[in-house]
Amino acid sequence: MVGCCGDRLGRLQWFRSGRVNLFVRKPANLGKAYQLICNGFSFTGLITDMKVLERVLASVRFKGAHYVFPTEERLPRLTIDLFAKSNGVLTKVGDASHPNSVEVIAYYPDWAERNERLFLNS
């Protein structure tokens, strides 16, 4: 990893391969992700050309999110990982962090990202 910075919007990790991971604080949206990139690269002077910055902003892709749906009563603990490997969806019910909620954790599986890179580079 080359660098890491954080502010009130979230955290940015920059790797030697050129990959940048953004962790946007709740409520996350694309505008906050763009602002985090501008804070980390443009406002610090690392990227001064607006055309380069536009290409960086256009390459932002969704990797994952965490949704919590509260219920009226406490639920029994259950983890449903049937679609975790294939579609990147993990469902948790009644765990210690949210005992009266249904949590849906959605993420872009690593195999799908590798396939996308192979497809785009061919």
# chains A, B, ... in the order shown; residues from 1 in each chain; ligands from 1
>>> select_by_dssp(residues="segment 30-79 of chain A", states="strand (DSSP E)", output="VMD selection string")
chain A and resid 64 to 70 78 to 79
>>> residues_around(residues="Leu53 of chain A", least_positions_apart="4", cutoff="9 Å", atoms="only C-alpha atoms", output="compact mmCIF listing (two decimals) with N, CA and C atoms, in the first residue's frame")
# COMPACT_ATOMS: atom_id res chain seq x y z
N ILE A 37 -12.29 11.28 -3.29
CA ILE A 37 -11.22 11.18 -4.29
C ILE A 37 -10.61 12.55 -4.54
N CYS A 38 -11.44 13.57 -4.67
CA CYS A 38 -10.93 14.93 -4.90
C CYS A 38 -10.09 15.40 -3.72
N PHE A 41 -6.67 13.31 -3.91
CA PHE A 41 -5.78 13.42 -5.06
C PHE A 41 -5.70 14.83 -5.64
N SER A 42 -6.83 15.48 -5.86
CA SER A 42 -6.82 16.78 -6.52
C SER A 42 -6.41 17.91 -5.57
N ILE A 47 -3.02 15.09 -8.41
CA ILE A 47 -3.58 15.16 -9.76
C ILE A 47 -3.95 16.62 -10.01
N THR A 48 -3.31 17.21 -11.03
CA THR A 48 -3.60 18.62 -11.33
C THR A 48 -4.36 18.78 -12.64
N ASP A 49 -4.32 17.77 -13.50
CA ASP A 49 -5.00 17.84 -14.79
C ASP A 49 -6.46 17.38 -14.62
N LEU A 57 -12.49 9.63 -11.76
CA LEU A 57 -13.86 9.64 -11.23
C LEU A 57 -14.78 8.73 -12.04
N ALA A 58 -14.56 8.62 -13.33
CA ALA A 58 -15.39 7.75 -14.17
C ALA A 58 -15.14 6.27 -13.89
>>> residues_around(residues="Pro76 of chain A", least_positions_apart="6", cutoff="10 Å", atoms="only C-alpha atoms", output="mmCIF file with N, CA and C atoms, in the first residue's frame")
data_model
loop_
_atom_site.group_PDB
_atom_site.id
_atom_site.type_symbol
_atom_site.label_atom_id
_atom_site.label_comp_id
_atom_site.auth_asym_id
_atom_site.auth_seq_id
_atom_site.Cartn_x
_atom_site.Cartn_y
_atom_site.Cartn_z
ATOM 1 N N VAL A 93 -29.357 -12.533 10.507
ATOM 2 C CA VAL A 93 -30.555 -12.234 11.289
ATOM 3 C C VAL A 93 -30.202 -12.400 12.759
ATOM 4 N N GLY A 94 -30.534 -11.408 13.574
ATOM 5 C CA GLY A 94 -30.395 -11.510 15.026
ATOM 6 C C GLY A 94 -28.996 -11.719 15.539
ATOM 7 N N ASP A 95 -27.974 -11.166 14.914
ATOM 8 C CA ASP A 95 -26.620 -11.336 15.445
ATOM 9 C C ASP A 95 -26.373 -10.352 16.589
ATOM 10 N N PRO A 99 -29.459 -7.300 17.193
ATOM 11 C CA PRO A 99 -30.287 -8.450 17.603
ATOM 12 C C PRO A 99 -31.733 -8.397 17.107
ATOM 13 N N ASN A 100 -32.251 -7.221 16.803
ATOM 14 C CA ASN A 100 -33.636 -7.132 16.323
ATOM 15 C C ASN A 100 -33.678 -6.575 14.898
#
>>> residues_around(residues="Leu36 of chain A", least_positions_apart="5", cutoff="8 Å", atoms="only C-alpha atoms", output="list in words")
Leu9, Gly10, Arg11, Leu12, Leu22 and Val24 of chain A
>>> residues_around(residues="segment 60-66 of chain A", least_positions_apart="3", cutoff="12 Å", atoms="only C-alpha atoms", output="PyMOL selection string")
chain A and resi 19-37+53-57+69+87-92+102-110+112-113+116
>>> select_by_dssp(residues="chain A", states="alpha helix (DSSP H)", output="PyMOL selection string")
chain A and resi 30-37+50-58+84-87+110-121
>>> atom_distance(atom1="atom CA of Asn121 of chain A", atom2="atom CA of Ser86 of chain A")
23.0 Å
